Structure formats: structure tokens, C-alpha cells
>>> print(open('protein_5.pdb').read())   # PDB, C-alpha atoms
ATOM      1  CA  MET A   2      29.615 -49.764 -44.666
ATOM      2  CA  ALA A   3      31.898 -47.989 -42.216
ATOM      3  CA  ARG A   4      35.533 -48.925 -41.712
ATOM      4  CA  VAL A   5      35.908 -49.595 -37.987
ATOM      5  CA  ALA A   6      39.080 -50.751 -36.246
ATOM      6  CA  VAL A   7      40.531 -51.149 -32.758
ATOM      7  CA  GLN A   8      44.308 -51.422 -32.962
ATOM      8  CA  GLU A   9      47.523 -50.872 -31.044
ATOM      9  CA  ALA A  10      49.387 -49.282 -33.973
ATOM     10  CA  ASP A  11      49.085 -45.632 -34.952
ATOM     11  CA  PHE A  12      46.942 -44.772 -37.964
ATOM     12  CA  ASP A  13      47.918 -42.854 -41.122
ATOM     13  CA  ILE A  14      45.396 -40.028 -41.507
ATOM     14  CA  GLY A  15      46.376 -39.352 -45.134
ATOM     15  CA  ALA A  16      46.034 -43.004 -46.085
ATOM     16  CA  GLU A  17      42.614 -43.184 -44.384
ATOM     17  CA  PHE A  18      41.431 -40.081 -46.285
ATOM     18  CA  ALA A  19      42.681 -41.610 -49.546
ATOM     19  CA  ALA A  20      40.936 -44.942 -48.849
ATOM     20  CA  LEU A  21      37.679 -43.156 -47.999
ATOM     21  CA  THR A  22      37.623 -41.084 -51.180
ATOM     22  CA  ALA A  23      39.258 -43.450 -53.719
ATOM     23  CA  GLY A  24      37.263 -43.465 -56.955
ATOM     24  CA  ARG A  25      34.473 -41.287 -55.513
ATOM     25  CA  THR A  26      33.118 -38.171 -57.213
ATOM     26  CA  ASP A  27      29.950 -37.815 -55.112
ATOM     27  CA  ILE A  28      31.623 -36.684 -51.859
ATOM     28  CA  GLY A  29      31.330 -32.955 -51.190
ATOM     29  CA  GLY A  30      32.817 -32.787 -47.721
ATOM     30  CA  ILE A  31      34.627 -34.865 -45.108
ATOM     31  CA  GLY A  32      34.407 -34.235 -41.380
ATOM     32  CA  CYS A  33      37.528 -35.229 -39.440
ATOM     33  CA  PHE A  34      38.254 -35.549 -35.726
ATOM     34  CA  VAL A  35      41.579 -36.727 -34.325
ATOM     35  CA  GLY A  36      41.889 -37.205 -30.572
ATOM     36  CA  THR A  37      45.448 -36.914 -29.220
ATOM     37  CA  VAL A  38      47.231 -37.286 -25.878
ATOM     38  CA  ARG A  39      47.609 -33.840 -24.282
ATOM     39  CA  ALA A  40      49.735 -32.674 -21.388
ATOM     40  CA  ALA A  41      48.070 -32.147 -18.000
ATOM     41  CA  ALA A  42      46.941 -28.530 -17.474
ATOM     42  CA  SER A  43      47.841 -28.724 -13.773
ATOM     43  CA  GLY A  44      49.064 -31.193 -11.176
ATOM     44  CA  PRO A  45      51.784 -33.794 -11.776
ATOM     45  CA  GLU A  46      53.373 -33.988 -15.216
ATOM     46  CA  LEU A  47      51.634 -36.482 -17.510
ATOM     47  CA  THR A  48      53.975 -38.651 -19.573
ATOM     48  CA  ALA A  49      51.718 -41.266 -21.166
ATOM     49  CA  LEU A  50      48.230 -42.748 -21.359
ATOM     50  CA  THR A  51      47.238 -46.401 -21.427
ATOM     51  CA  LEU A  52      43.942 -47.236 -23.114
ATOM     52  CA  GLU A  53      42.346 -50.501 -21.995
ATOM     53  CA  GLN A  54      39.616 -52.096 -24.122
ATOM     54  CA  TYR A  55      37.158 -54.979 -23.789
ATOM     55  CA  PRO A  56      38.276 -57.286 -26.624
ATOM     56  CA  GLY A  57      35.230 -58.240 -28.664
ATOM     57  CA  MET A  58      32.746 -55.827 -27.138
ATOM     58  CA  THR A  59      34.711 -52.670 -27.976
ATOM     59  CA  LEU A  60      34.805 -53.374 -31.718
ATOM     60  CA  LYS A  61      31.120 -54.339 -31.658
ATOM     61  CA  ALA A  62      30.217 -51.121 -29.816
ATOM     62  CA  LEU A  63      32.138 -49.006 -32.354
ATOM     63  CA  ARG A  64      30.374 -50.809 -35.224
ATOM     64  CA  ASN A  65      26.982 -50.100 -33.605
ATOM     65  CA  ILE A  66      27.846 -46.411 -33.159
ATOM     66  CA  ALA A  67      28.977 -46.115 -36.800
ATOM     67  CA  ALA A  68      25.808 -47.896 -37.963
ATOM     68  CA  GLU A  69      23.711 -45.424 -35.957
ATOM     69  CA  ALA A  70      25.498 -42.496 -37.657
ATOM     70  CA  GLU A  71      24.780 -44.085 -41.045
ATOM     71  CA  ARG A  72      21.099 -44.364 -40.080
ATOM     72  CA  ARG A  73      20.894 -40.709 -39.028
ATOM     73  CA  TRP A  74      22.826 -39.061 -41.863
ATOM     74  CA  HIS A  75      23.326 -39.782 -45.535
ATOM     75  CA  LEU A  76      26.998 -40.716 -45.351
ATOM     76  CA  LEU A  77      29.077 -41.679 -48.369
ATOM     77  CA  GLY A  78      31.833 -43.061 -46.173
ATOM     78  CA  CYS A  79      32.751 -43.377 -42.513
ATOM     79  CA  THR A  80      35.948 -44.375 -40.695
ATOM     80  CA  VAL A  81      36.393 -44.943 -36.948
ATOM     81  CA  ILE A  82      39.797 -46.119 -35.684
ATOM     82  CA  HIS A  83      40.576 -46.224 -31.954
ATOM     83  CA  ARG A  84      43.917 -47.246 -30.525
ATOM     84  CA  HIS A  85      44.563 -49.242 -27.362
ATOM     85  CA  GLY A  86      47.764 -49.757 -25.393
ATOM     86  CA  THR A  87      50.199 -47.080 -24.200
ATOM     87  CA  MET A  88      50.556 -43.724 -25.980
ATOM     88  CA  ARG A  89      52.973 -40.854 -25.324
ATOM     89  CA  LEU A  90      52.156 -37.138 -25.249
ATOM     90  CA  GLY A  91      51.067 -35.863 -28.656
ATOM     91  CA  GLU A  92      50.319 -39.311 -30.082
ATOM     92  CA  ASN A  93      47.049 -40.061 -31.860
ATOM     93  CA  ILE A  94      44.315 -41.894 -29.917
ATOM     94  CA  VAL A  95      41.267 -41.893 -32.160
ATOM     95  CA  LEU A  96      40.311 -40.998 -35.748
ATOM     96  CA  VAL A  97      36.782 -40.256 -36.965
ATOM     97  CA  LEU A  98      36.038 -39.457 -40.622
ATOM     98  CA  ALA A  99      32.561 -38.899 -42.059
ATOM     99  CA  ALA A 100      32.037 -38.143 -45.751
ATOM    100  CA  SER A 101      28.856 -36.764 -47.256
ATOM    101  CA  ALA A 102      27.607 -34.704 -50.185
ATOM    102  CA  HIS A 103      27.254 -31.661 -47.920
ATOM    103  CA  ARG A 104      29.212 -30.191 -45.033
ATOM    104  CA  HIS A 105      26.492 -30.146 -42.357
ATOM    105  CA  GLU A 106      25.886 -33.884 -42.552
ATOM    106  CA  ALA A 107      29.636 -34.603 -42.562
ATOM    107  CA  LEU A 108      30.320 -32.308 -39.582
ATOM    108  CA  ASP A 109      27.258 -33.350 -37.555
ATOM    109  CA  ALA A 110      28.003 -37.043 -38.086
ATOM    110  CA  THR A 111      31.612 -36.498 -36.995
ATOM    111  CA  SER A 112      30.496 -34.768 -33.764
ATOM    112  CA  PHE A 113      27.918 -37.453 -33.095
ATOM    113  CA  LEU A 114      30.442 -40.264 -33.609
ATOM    114  CA  ILE A 115      32.993 -38.891 -31.157
ATOM    115  CA  ASP A 116      30.333 -37.885 -28.589
ATOM    116  CA  TRP A 117      28.745 -41.330 -28.572
ATOM    117  CA  LEU A 118      32.115 -43.071 -28.678
ATOM    118  CA  LYS A 119      33.229 -41.244 -25.529
ATOM    119  CA  THR A 120      30.219 -42.464 -23.534
ATOM    120  CA  ARG A 121      29.345 -45.807 -25.178
ATOM    121  CA  ALA A 122      32.555 -47.516 -26.316
ATOM    122  CA  PRO A 123      34.242 -49.630 -23.605
ATOM    123  CA  PHE A 124      37.648 -47.960 -23.285
ATOM    124  CA  TRP A 125      39.326 -46.849 -20.063
ATOM    125  CA  LYS A 126      42.196 -44.358 -19.797
ATOM    126  CA  LYS A 127      44.974 -44.664 -17.258
ATOM    127  CA  GLU A 128      47.292 -41.668 -16.831
ATOM    128  CA  HIS A 129      51.013 -42.186 -16.137
ATOM    129  CA  PHE A 130      52.919 -39.365 -14.436
ATOM    130  CA  ALA A 131      56.570 -38.319 -14.361
ATOM    131  CA  ASP A 132      56.847 -39.210 -10.655
ATOM    132  CA  GLY A 133      56.027 -42.851 -11.478
ATOM    133  CA  SER A 134      52.455 -42.768 -10.219
ATOM    134  CA  ALA A 135      49.445 -43.725 -12.325
ATOM    135  CA  ASP A 136      45.706 -43.268 -12.001
ATOM    136  CA  TRP A 137      42.503 -44.101 -13.863
ATOM    137  CA  VAL A 138      40.706 -41.182 -15.486
ATOM    138  CA  ALA A 139      37.237 -40.552 -14.028
ATOM    139  CA  ALA A 140      34.301 -40.193 -16.420
ATOM    140  CA  ARG A 141      33.121 -36.609 -16.847
ATOM    141  CA  ALA A 142      29.531 -35.385 -16.680
ATOM    142  CA  THR A 143      30.258 -32.986 -19.564
ATOM    143  CA  ASP A 144      30.819 -35.998 -21.836
ATOM    144  CA  ASP A 145      27.363 -37.334 -20.889
ATOM    145  CA  THR A 146      25.869 -33.906 -21.639
ATOM    146  CA  ALA A 147      27.603 -33.804 -25.025
ATOM    147  CA  ALA A 148      26.294 -37.272 -25.907
ATOM    148  CA  ALA A 149      22.779 -36.483 -24.658
ATOM    149  CA  ARG A 150      22.332 -33.609 -27.104
ATOM    150  CA  TRP A 151      22.004 -36.239 -29.843
ATOM    151  CA  ASP A 152      19.113 -37.956 -28.006
ATOM    152  CA  ALA A 153      16.713 -35.334 -29.362
ATOM    153  CA  CYS A 154      17.788 -36.077 -32.935
ATOM    154  CA  PRO A 155      15.610 -38.989 -34.119
ATOM    155  CA  PRO A 156      17.079 -41.520 -36.558
ATOM    156  CA  GLY A 157      16.863 -40.230 -40.109
ATOM    157  CA  ALA A 158      16.290 -36.635 -39.051
ATOM    158  CA  GLY A 159      19.430 -35.482 -40.766
ATOM    159  CA  ALA A 160      18.966 -37.487 -43.956
TER
ATOM    160  CA  MET B  10      18.904 -82.114 -10.538
ATOM    161  CA  THR B  11      20.349 -79.280 -12.599
ATOM    162  CA  ALA B  12      23.987 -78.670 -13.510
ATOM    163  CA  PRO B  13      25.746 -75.801 -11.702
ATOM    164  CA  ALA B  14      24.919 -72.445 -13.291
ATOM    165  CA  SER B  15      28.365 -71.214 -14.157
ATOM    166  CA  VAL B  16      29.051 -67.768 -15.621
ATOM    167  CA  THR B  17      32.271 -66.076 -16.691
ATOM    168  CA  VAL B  18      32.952 -62.764 -14.933
ATOM    169  CA  LEU B  19      35.346 -60.223 -16.446
ATOM    170  CA  TYR B  20      36.798 -57.128 -14.745
ATOM    171  CA  PHE B  21      38.292 -54.073 -16.427
ATOM    172  CA  ALA B  22      40.332 -51.003 -15.407
ATOM    173  CA  TRP B  23      40.374 -50.284 -11.644
ATOM    174  CA  LEU B  24      37.845 -53.037 -10.969
ATOM    175  CA  ARG B  25      40.360 -55.531 -12.396
ATOM    176  CA  GLU B  26      43.120 -54.094 -10.208
ATOM    177  CA  ARG B  27      41.009 -54.125  -7.018
ATOM    178  CA  VAL B  28      39.641 -57.649  -7.554
ATOM    179  CA  GLY B  29      43.170 -58.796  -8.444
ATOM    180  CA  ARG B  30      42.205 -60.716 -11.573
ATOM    181  CA  SER B  31      40.773 -60.047 -15.017
ATOM    182  CA  GLU B  32      38.543 -63.096 -15.270
ATOM    183  CA  GLU B  33      36.964 -65.850 -13.203
ATOM    184  CA  THR B  34      34.349 -68.551 -13.627
ATOM    185  CA  VAL B  35      31.826 -68.819 -10.815
ATOM    186  CA  ASP B  36      29.016 -71.278 -10.040
ATOM    187  CA  LEU B  37      25.947 -69.278  -9.113
ATOM    188  CA  PRO B  38      23.755 -70.237  -6.163
ATOM    189  CA  ALA B  39      20.141 -70.883  -7.170
ATOM    190  CA  ASP B  40      18.963 -67.510  -5.873
ATOM    191  CA  VAL B  41      21.507 -65.487  -7.868
ATOM    192  CA  ARG B  42      19.956 -64.907 -11.272
ATOM    193  CA  SER B  43      20.432 -61.195 -11.972
ATOM    194  CA  VAL B  44      23.332 -58.758 -12.319
ATOM    195  CA  GLY B  45      22.370 -57.005  -9.063
ATOM    196  CA  ALA B  46      22.218 -60.293  -7.161
ATOM    197  CA  LEU B  47      25.583 -61.326  -8.646
ATOM    198  CA  ILE B  48      27.236 -58.092  -7.439
ATOM    199  CA  ALA B  49      25.897 -58.625  -3.898
ATOM    200  CA  TRP B  50      26.963 -62.271  -3.889
ATOM    201  CA  LEU B  51      30.470 -61.566  -5.257
ATOM    202  CA  ALA B  52      30.961 -58.733  -2.740
ATOM    203  CA  GLY B  53      30.256 -61.195   0.070
ATOM    204  CA  ARG B  54      32.959 -63.630  -1.049
ATOM    205  CA  ASP B  55      36.138 -61.827   0.070
ATOM    206  CA  PRO B  56      37.479 -58.351   0.949
ATOM    207  CA  ALA B  57      38.962 -57.730  -2.535
ATOM    208  CA  HIS B  58      35.613 -58.241  -4.240
ATOM    209  CA  ALA B  59      33.865 -56.248  -1.505
ATOM    210  CA  THR B  60      36.236 -53.280  -2.029
ATOM    211  CA  ALA B  61      36.030 -53.436  -5.828
ATOM    212  CA  LEU B  62      32.246 -53.649  -5.918
ATOM    213  CA  ALA B  63      31.478 -51.288  -3.017
ATOM    214  CA  GLU B  64      30.545 -48.200  -5.034
ATOM    215  CA  ALA B  65      27.576 -49.341  -7.102
ATOM    216  CA  ASN B  66      27.143 -45.933  -8.751
ATOM    217  CA  LYS B  67      30.670 -46.194 -10.221
ATOM    218  CA  ILE B  68      30.178 -49.635 -11.741
ATOM    219  CA  ARG B  69      28.842 -50.394 -15.207
ATOM    220  CA  CYS B  70      28.029 -53.848 -16.516
ATOM    221  CA  ALA B  71      27.662 -55.787 -19.722
ATOM    222  CA  VAL B  72      26.090 -59.213 -20.225
ATOM    223  CA  ASN B  73      27.274 -61.083 -23.314
ATOM    224  CA  GLN B  74      28.981 -57.870 -24.479
ATOM    225  CA  GLU B  75      25.808 -55.729 -24.358
ATOM    226  CA  PHE B  76      25.376 -52.995 -21.742
ATOM    227  CA  ALA B  77      23.193 -54.254 -18.894
ATOM    228  CA  GLY B  78      21.678 -53.057 -15.616
ATOM    229  CA  PRO B  79      21.102 -54.553 -12.143
ATOM    230  CA  ASP B  80      17.809 -56.123 -13.242
ATOM    231  CA  THR B  81      19.308 -57.905 -16.262
ATOM    232  CA  PRO B  82      18.706 -61.665 -15.805
ATOM    233  CA  LEU B  83      21.576 -64.156 -15.904
ATOM    234  CA  LYS B  84      21.653 -67.686 -17.286
ATOM    235  CA  PRO B  85      24.320 -70.386 -17.319
ATOM    236  CA  GLY B  86      27.118 -69.673 -19.780
ATOM    237  CA  ASP B  87      26.689 -65.896 -19.745
ATOM    238  CA  GLU B  88      29.708 -63.587 -19.974
ATOM    239  CA  VAL B  89      29.302 -60.836 -17.381
ATOM    240  CA  ALA B  90      31.670 -57.853 -17.335
ATOM    241  CA  PHE B  91      32.093 -55.191 -14.644
ATOM    242  CA  PHE B  92      33.903 -51.933 -15.366
ATOM    243  CA  PRO B  93      33.962 -48.214 -14.505
ATOM    244  CA  PRO B  94      32.132 -45.645 -16.662
ATOM    245  CA  VAL B  95      33.957 -45.524 -20.004
ATOM    246  CA  THR B  96      36.633 -42.866 -20.721
ATOM    247  CA  GLY B  97      37.804 -43.466 -24.296
ATOM    248  CA  GLY B  98      38.044 -41.034 -27.190
TER
END
>>> encode(input="protein_5.pdb", output="C-alpha cells")
Amino acid sequence: MARVAVQEADFDIGAEFAALTAGRTDIGGIGCFVGTVRAAASGPELTALTLEQYPGMTLKALRNIAAEAERRWHLLGCTVIHRHGTMRLGENIVLVLAASAHRHEALDATSFLIDWLKTRAPFWKKEHFADGSADWVAARATDDTAAARWDACPPGAGA
Amino acid sequence: MTAPASVTVLYFAWLRERVGRSEETVDLPADVRSVGALIAWLAGRDPAHATALAEANKIRCAVNQEFAGPDTPLKPGDEVAFFPPVTGG
């Protein structure tokens, strides 16, 4: 059963690793993805991001995505934590951990989880700039492409 | 006689800002029984709704917290949410 959370507070990556692996001797590898707030490459200076969620549906959607990963790969543990609220540059946004006996399952499950999360979990990013302006981030076609590459992988194919 | 078919409508992100509220309860006319029909009916109510709902290709929907499309049927008591394509992660 995956640990899934939507929360305003930051998460402790070390504590999440420890909780995932406590008492286990069957885990051979853990995939990890941490999404963070990065500075804008061009244009006005970004100072913060606000993540809006759909209370109720967002947690359910994350649980469904984690359950799908557990159907597709033999996972020995899985953690998905996504923050909401306002975050400054460099702060953590999202944590994905996937533990398995072998590295390919752990790494593939981690990629799958973040790709599906980006296109299927109801979160919306608003960017805040140094000049006081703010704007909603538009969805990117490359995220749809990244998520679609998992369509060809039938449930259980990786197990 | 049937009771009014009331549904709760939620708005998120820029849809919430353009409509000017995050939630409303509306009584549906008898001929409004799908997501697509609800969008058309809401857009006809006032300029704020019309502006928010103008670009159909930029609007996603959920009914009772499951992703839905224009053909998804509606029934009294449903929770309908409108929002832009998601941008989390």
C-alpha cells in the first residue's frame, strides 16, 4: 500500500526513505524523484510558485496513480507526497519514491509516477514574479507526450 | 412535479478567477443534463461566466471528482468541477 499525501508543509526526504525501508531486507533499489521550484530561464524574475489543488479529488487521483504503478511493477514500497500552497525558489514541490527488488522496476515506476502525476493529478501552478505580477502556468504538450509513452505498457508488463 | 435539479459547480485556477467565485449551486433547466450543455448554459448567464468558459479546448472537467467529458451525463446532487489542464509535479 503506497503512502500518498497532499500537504502544505515541506517533506523530509531522509525520514521518508527511512519509513519506506524500515525493517525491510527484500528491497534492492529505490527510485527517487524530487521536483523543486526553479528560477525562470528567461523573462521576468520568478520569486515563488503557488500550487492550487482540488481538495478531495487530488488525493484520490494520486492514490489511483500509485495503485496503477503497483499494478504494473512489483513494488515493495511507494511514496508520493505533493505540496500545495506557496513555495519559494529552490523549495521542494513533490516527492516520489518507488522501492523494488531490482533497479529497472524501481526507476521505471518512479518515471511513470511523475509522468502520470503531471498530467492526471489536479494541481495548478501560478508563478509570482519580482515585479509583482503573477500568471498561471500553461500545460505543456511535452508532458502529455511523456505520459503517453506509458500507454503502450500494459498493466503487469513490468512485473 | 420534480424537485429542481441542483448541482454544485466548482472552479479552479484561472477559471475561478475569471468567474469570480470558487463554488456555486445552480438549479438546472430540464434540458441541461450533460457537462457540455451545462457549459453552454452557464456561459449564457453573465459575461464573467461567458469569458471564463469561452475557450472550450482549455477547459477540463470532473464530475463527482472523476475526470469527465462534454457527453458525461449530470444528475441532481452532482459535484461538477471546471479547471484548466493540470500543471502539477
>>> residues_near_point(input="protein_5.pdb", point="(30.9, -37.8, -16.4)", cutoff="10 Å", atoms="all atoms listed in the file", output="VMD selection string")
(chain A and resid 120 139 to 146) or (chain B and resid 94 to 96)
>>> closest_atom_pairs(input="protein_5.pdb", of="chain A", to="chain B", cutoff="9 Å", atoms="only C-alpha atoms", output="JSON lines")
{"residue": "A:Gly36", "atom": "CA", "partner": "B:Gly98", "partner_atom": "CA", "distance": 6.4}
{"residue": "A:Thr37", "atom": "CA", "partner": "B:Gly98", "partner_atom": "CA", "distance": 8.7}
{"residue": "A:Leu52", "atom": "CA", "partner": "B:Gly97", "partner_atom": "CA", "distance": 7.3}
{"residue": "A:Glu53", "atom": "CA", "partner": "B:Ala22", "partner_atom": "CA", "distance": 6.9}
{"residue": "A:Gln54", "atom": "CA", "partner": "B:Phe21", "partner_atom": "CA", "distance": 8.1}
{"residue": "A:Tyr55", "atom": "CA", "partner": "B:Phe21", "partner_atom": "CA", "distance": 7.5}
{"residue": "A:Gly57", "atom": "CA", "partner": "B:Gln74", "partner_atom": "CA", "distance": 7.5}
{"residue": "A:Met58", "atom": "CA", "partner": "B:Gln74", "partner_atom": "CA", "distance": 5.0}
{"residue": "A:Thr59", "atom": "CA", "partner": "B:Gln74", "partner_atom": "CA", "distance": 8.5}
{"residue": "A:Lys61", "atom": "CA", "partner": "B:Gln74", "partner_atom": "CA", "distance": 8.3}
{"residue": "A:Ala62", "atom": "CA", "partner": "B:Glu75", "partner_atom": "CA", "distance": 8.4}
{"residue": "A:His83", "atom": "CA", "partner": "B:Gly98", "partner_atom": "CA", "distance": 7.5}
{"residue": "A:Ile94", "atom": "CA", "partner": "B:Gly98", "partner_atom": "CA", "distance": 6.9}
{"residue": "A:Val95", "atom": "CA", "partner": "B:Gly98", "partner_atom": "CA", "distance": 6.0}
{"residue": "A:Leu96", "atom": "CA", "partner": "B:Gly98", "partner_atom": "CA", "distance": 8.9}
{"residue": "A:Ile115", "atom": "CA", "partner": "B:Gly98", "partner_atom": "CA", "distance": 6.8}
{"residue": "A:Asp116", "atom": "CA", "partner": "B:Gly98", "partner_atom": "CA", "distance": 8.4}
{"residue": "A:Leu118", "atom": "CA", "partner": "B:Gly98", "partner_atom": "CA", "distance": 6.4}
{"residue": "A:Lys119", "atom": "CA", "partner": "B:Gly98", "partner_atom": "CA", "distance": 5.1}
{"residue": "A:Thr120", "atom": "CA", "partner": "B:Val95", "partner_atom": "CA", "distance": 6.0}
{"residue": "A:Arg121", "atom": "CA", "partner": "B:Val95", "partner_atom": "CA", "distance": 6.9}
{"residue": "A:Ala122", "atom": "CA", "partner": "B:Val95", "partner_atom": "CA", "distance": 6.8}
{"residue": "A:Pro123", "atom": "CA", "partner": "B:Val95", "partner_atom": "CA", "distance": 5.5}
{"residue": "A:Phe124", "atom": "CA", "partner": "B:Gly97", "partner_atom": "CA", "distance": 4.6}
{"residue": "A:Trp125", "atom": "CA", "partner": "B:Thr96", "partner_atom": "CA", "distance": 4.9}
{"residue": "A:Lys126", "atom": "CA", "partner": "B:Thr96", "partner_atom": "CA", "distance": 5.8}
{"residue": "A:Lys127", "atom": "CA", "partner": "B:Ala22", "partner_atom": "CA", "distance": 8.1}
{"residue": "A:Asp136", "atom": "CA", "partner": "B:Trp23", "partner_atom": "CA", "distance": 8.8}
{"residue": "A:Trp137", "atom": "CA", "partner": "B:Trp23", "partner_atom": "CA", "distance": 6.9}
{"residue": "A:Val138", "atom": "CA", "partner": "B:Thr96", "partner_atom": "CA", "distance": 6.8}
{"residue": "A:Ala139", "atom": "CA", "partner": "B:Thr96", "partner_atom": "CA", "distance": 7.1}
{"residue": "A:Ala140", "atom": "CA", "partner": "B:Thr96", "partner_atom": "CA", "distance": 5.6}
{"residue": "A:Arg141", "atom": "CA", "partner": "B:Thr96", "partner_atom": "CA", "distance": 8.2}
>>> closest_residue(input="protein_5.pdb", among="A:Leu90, A:Leu63, A:Ala148, A:Ala23", to="Thr51 in chain A", atoms="all atoms listed in the file")
A:Leu90
>>> resolve_selection(input="protein_5.pdb", expression="the PyMOL selection byres ((chain B and resi 80) around 12)", output="VMD selection string")
chain B and resid 41 to 48 70 to 72 76 to 79 81 to 83
>>> atom_distance(input="protein_5.pdb", atom1="CA of Ala61 in chain B", atom2="CA of Val89 in chain B")
15.3 Å
>>> axis_aligned_box(input="protein_5.pdb", around="range 5-9 of chain A", padding_each_side="6 Å", output="JSON")
{"center_x": 41.7, "center_y": -50.5, "center_z": -34.5, "size_x": 23.6, "size_y": 13.8, "size_z": 18.9}
>>> resolve_selection(input="protein_5.pdb", expression="the PyMOL selection byres ((chain A and resi 114) around 12)", output="ChimeraX atom specification")
/A:3,5,32-35,62-71,73-74,79-83,95-99,106-113,115-122,147-148,151 /B:98
